[in-house]
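Participant: Quick one: the structure is below, questions incoming.
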Amino acid sequence: MASRSTELALARLQQIRQSMESFNAPSVAAQKALGQYFTRLPLARILAALSCGPNVHSAIDPMCGIGDLLDATAERQWSCSVPLQMLLGVEIDESLAAVSAQRMAEVSIAYQVEDASIMTGDVFRALSCRTLSEQYDLVIANPPYVRYQRMAKAGPGVVSQHHALQQLLADASARLLPDAERSAWDLLVQAYPATADLAVPSWFLCSLLVKSGGRLGIVLPDAWLSRDYADVPMYMLWRFFHPEFIVRGIDAGWFGGAHVHTSLIVAERLATSDALIPLARRTPKPDESVLELDMDGNACTVRLVSEQLMAMGPCPSARGDRARAVQDVLAGRVSLRVREVHDLTFETLQRASRHKWYGTLEPDGRMLDRAAPRGTSVPSSIEVRECAGMTTFEQLCPSGIHVGQGLRTGCNDFFYARLASSSGAFHKDARIITGRAFGGSHLSVPSECLRLAVRHYRELSWPLVSSSDLTSVLLYLAGWFLPEDAEHLKGSSDDDTSLESSWKRLPIQLADHIRTAAQTRVGAGIPIPLLSAVRTNTGGAVSSLARSRGVFLWYMLPQLQSRHLASIFVPRVNHDSPKAYLKRDESVVVDANFVTVWSTDAVWTENALLALLNSSWMSLAMERQGTCLGGGALKVDAIQLRHARVPVILGQDTAALAQLGSAMTSAVGAADVLPRVDDLLARLSLPPGASPQEIRDTSTATRVRLIEARSRRQKKETS
Ligand SMILES: C[S@@+](CC[C@H](N)C(=O)[O-])C[C@H]1O[C@@H](n2cnc3c(N)ncnc32)[C@H](O)[C@@H]1O
């Protein structure tokens, strides 16, 4: 029975929790620089319930904020009659640390935690000062997700530099890990790129603090996973841990204001002998699986799931039993899937195989086939597991195909305009209508300063986009100078004459427009030249001269790249199934609203790419890889498309695709040609010698799956 002091502590804790429900970061600046987005108790309880267990006696949240995860962990352990002996939080922000400390004082009485405390400071430094000298049964965390550009703004004394963080992690691994594991760890720590956000070193730090056989429960923004730099920590996770639960947030609602899709991952730390085995050499064990749960962001769902899980009896200590206990409690309430560890490991290996460190950590080299998911009987869909072992698949990109994103201008209102006349044909001068920030005024500008642009998918005809349909133009001022800037750039340089001959002075009306733009504030009241992606414009070819003369050529976009001018492009946001478009005019620019595709291998002509990317195979791949947005739209990013897998397509078949692509843009019409494209891919996905009937069935099955995937997505959002 609870004692009087326990009851009082519970009552005070309840009050603290209530006051924390709407507690926000002390300032917007700190929120952004330190990633202060709190988990909140209902979601924290879900993570705690999935992570806790009879073997958990010590737990830490290394970036504890206002202590939601610590509180939920102590509560869950106590309700399972295994009160914690030790509970530690670390928080860099003094005001938050104080809030947490007050909360922990009550938590320790209410849930009989022997030693509950909060340490104030930078956890990376604490690691180096050996304050955190031990490992824990449970590390539970929601690491700060701070883009590397912002990390330096965290304030003096906060370790934010890439190399410094890597060094601290390497020092800690020397102290905390067995020698045998260190070479792999240290290689991975050295491999993560400087452009990774703070969640990456934080993830390493959290992982280092988990005891062998202990558990890691972690919150993870999905945007993070779609970035290349996530390959390193994801490999680390699968190499050193056994993931048990993945809770996927299927919309952006878990974090209120922060509009991010998020997942929770719970994983058990492997013993050294298991962690030393490269992933591709691991033999699948019969009941090794990962339980995946889909959970929407509706507050009621989160609360319901959290109540069910917290009320669940004590979690068994064996992995498989834990998953079954969770399945029993949640069946019918959320969508549950049992995924084979083998399949998920394979996906991790595929991503990892693009990196240099892969060869060292996986000595079997790039031969992934042995590790490919095991087949089932019907090789009918894009899911590689259904065909593995019979057909070789590869990611889209290694075969000379490149995927990128169209042009980000940093300030569309200034850099884009519309043609005033619908003809689209350029004469010496063109009349344009400026963006909203300039009141849509009309200007006459030299056509040489303009590039037609593909900006909005609604104005495009599919599959062939004709330049005469385009009304958007890009103000592309490379080589055009404001008279005052030209004056500053001239002068003592020996190259004056040659430079000046290639410079062009902007005409008065356009020059005035640029001067007005320099004073115009947009967004949060920031002048256009100082917007983060505009102030990096340096004038391209003359940037060093401009720098040396102190001239700021913000109005000159950098040189256009293949990804900005590619002939094939797919809208990033799709309400229907994603479609690929083709433009034949190489000078037309494609905006960042599109994923762009081009090839450096002559066999992959634009027609071949058009056919491939419009196949049901690729559409299904995009449905699967893409992100479902509110309202049922599908967002496809370059990296997601890059990861789509296709059967190996060799010379003759590429030529056949090129013919089909050409037919799509001719009088035959795309709709009539696409079934033939689907048949071709179906044939390539089948073992050699497949009968025409098998090919037709396979191609029909892919189309059916595509329709199902699309309607599932649309239904999910309308329900
Ligand atoms: C995403 S919040 C999560 C807070 C808490 N764990 C929760 O789940 O609500 C990340 C927290 O990490 C803190 N933080 C950021 N950098 C840190 C560092 N180097 N050391 C300790 N805490 C840090 C931030 O102030 C913030 O409170």
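Order determines the names: the first chain of the structure tokens is A, the second B, and so forth; residues in each chain are numbered 1 upward, and ligands are numbered 1 upward as they are shown.
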Which residues are near segment 283-285 of chain A? Cut-off 10 Å, only C-alpha atoms, ignore same chain within fewer than 4 positions. Put them as a ChimeraX atom specification.
Facilitator: /A:277,279,289,340-343,371
Participant: Counting only C-alpha atoms and all ligand atoms, which protein, DNA or RNA residues come within 7 Å of ligand 1, given as a ChimeraX atom specification?
Facilitator: /A:34-40,44,61-69,90-93,96,121-124,141-145,158-159
Participant: Using only C-alpha atoms, which of A:Glu288, A:Asp231, A:Asp637, A:Asp137 sits nearest Gly214 of chain A?
Facilitator: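 Between A:Glu288, A:Asp231, A:Asp637, A:Asp137, the residue approaching Gly214 of chain A most closely is A:Asp137.
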Participant: Report as a PyMOL selection string all protein, DNA and RNA residues lying within 9 Å of segment 606-618 of chain A, evaluated on only C-alpha atoms, omitting residues in the same chain fewer than 5 positions from it.
Facilitator: chain A and resi 381-382+401+463+567-570+578-582+584+597-599+623+641+644-646+654-665+673-675+677-678+681-682+699+702-703+706
Participant: Kindly save the residues from that selection, with C-alpha atoms included, as a PDB file, in the first residue's frame.
Facilitator:
ATOM      1  CA  SER A 381       5.735  -7.255 -57.437  1.00  0.00           C
ATOM      2  CA  ILE A 382       8.336  -4.685 -56.779  1.00  0.00           C
ATOM      3  CA  ILE A 401      21.096   7.421 -63.782  1.00  0.00           C
ATOM      4  CA  PRO A 463       4.077  13.325 -70.527  1.00  0.00           C
ATOM      5  CA  SER A 567      14.875  16.736 -69.015  1.00  0.00           C
ATOM      6  CA  ILE A 568      12.957  14.281 -66.827  1.00  0.00           C
ATOM      7  CA  PHE A 569      11.234  15.367 -63.644  1.00  0.00           C
ATOM      8  CA  VAL A 570       8.648  14.111 -61.151  1.00  0.00           C
ATOM      9  CA  PRO A 578       3.543  10.076 -59.276  1.00  0.00           C
ATOM     10  CA  LYS A 579       4.195  10.676 -62.966  1.00  0.00           C
ATOM     11  CA  ALA A 580       7.382  11.569 -64.796  1.00  0.00           C
ATOM     12  CA  TYR A 581       7.400  14.432 -67.320  1.00  0.00           C
ATOM     13  CA  LEU A 582       9.770  15.138 -70.186  1.00  0.00           C
ATOM     14  CA  ARG A 584      13.073  18.634 -74.645  1.00  0.00           C
ATOM     15  CA  VAL A 597      16.408  12.660 -63.277  1.00  0.00           C
ATOM     16  CA  TRP A 598      19.201  12.627 -65.846  1.00  0.00           C
ATOM     17  CA  SER A 599      21.796  10.238 -67.114  1.00  0.00           C
ATOM     18  CA  GLU A 623       4.330   4.972 -53.338  1.00  0.00           C
ATOM     19  CA  LEU A 641      13.671   7.745 -55.646  1.00  0.00           C
ATOM     20  CA  ALA A 644      14.017   2.524 -55.523  1.00  0.00           C
ATOM     21  CA  ARG A 645      15.189  -0.789 -56.902  1.00  0.00           C
ATOM     22  CA  VAL A 646      14.802  -1.989 -60.453  1.00  0.00           C
ATOM     23  CA  THR A 654      17.133  -0.074 -72.567  1.00  0.00           C
ATOM     24  CA  ALA A 655      16.730   0.445 -76.316  1.00  0.00           C
ATOM     25  CA  ALA A 656      13.255  -1.110 -76.099  1.00  0.00           C
ATOM     26  CA  LEU A 657      12.391   1.262 -73.270  1.00  0.00           C
ATOM     27  CA  ALA A 658      13.652   4.178 -75.359  1.00  0.00           C
ATOM     28  CA  GLN A 659      11.318   3.175 -78.187  1.00  0.00           C
ATOM     29  CA  LEU A 660       8.408   2.916 -75.805  1.00  0.00           C
ATOM     30  CA  GLY A 661       9.265   6.315 -74.317  1.00  0.00           C
ATOM     31  CA  SER A 662       9.337   7.808 -77.775  1.00  0.00           C
ATOM     32  CA  ALA A 663       5.941   6.252 -78.536  1.00  0.00           C
ATOM     33  CA  MET A 664       4.569   7.762 -75.307  1.00  0.00           C
ATOM     34  CA  THR A 665       5.209  11.252 -76.625  1.00  0.00           C
ATOM     35  CA  VAL A 673       2.073   2.392 -74.352  1.00  0.00           C
ATOM     36  CA  LEU A 674       2.352   1.993 -70.577  1.00  0.00           C
ATOM     37  CA  PRO A 675       1.056  -1.617 -70.380  1.00  0.00           C
ATOM     38  CA  VAL A 677       6.394  -0.817 -70.438  1.00  0.00           C
ATOM     39  CA  ASP A 678       4.932  -2.738 -67.497  1.00  0.00           C
ATOM     40  CA  LEU A 681       9.717  -4.672 -66.471  1.00  0.00           C
ATOM     41  CA  ALA A 682       7.700  -7.698 -65.439  1.00  0.00           C
ATOM     42  CA  SER A 699       2.572  -6.924 -64.780  1.00  0.00           C
ATOM     43  CA  THR A 702       2.083  -4.781 -60.064  1.00  0.00           C
ATOM     44  CA  ARG A 703      -0.706  -2.511 -61.347  1.00  0.00           C
ATOM     45  CA  LEU A 706      -0.149   0.229 -57.235  1.00  0.00           C
TER      46      LEU A 706
END
Participant: Can you list, as a PyMOL selection string, every residue of segment 171-336 of chain A that DSSP puts in strand (DSSP E)?
Facilitator: chain A and resi 210-221+241-249+262-269+289-295+335-336
Participant: So, with only C-alpha atoms as the atoms that count, which of A:Ala9, A:Ala29, A:Ile639, A:Ala602 lies closest to Tyr111 of chain A?
Facilitator: A:Ala9
Participant: Report as a PyMOL selection string: the residues of segment 191-278 of chain A with a DSSP assignment of alpha helix (DSSP H), based on the backbone of this structure.
Facilitator: chain A and resi 191+199-208+222-225+231-240+272-275
Participant: Work out how far atom CA of Glu114 of chain A is from atom CA of Arg215 of chain A, in Å to one decimal.
Facilitator: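 If I compute the distance from atom CA of Arg215 of chain A to atom CA of Glu114 of chain A, I get 20.3 Å.
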Participant: Calculate how many Å separate atom CA of Ala517 of chain A from atom CA of Pro529 of chain A, rounding to one decimal.
Facilitator: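 It comes out at 8.1 Å.
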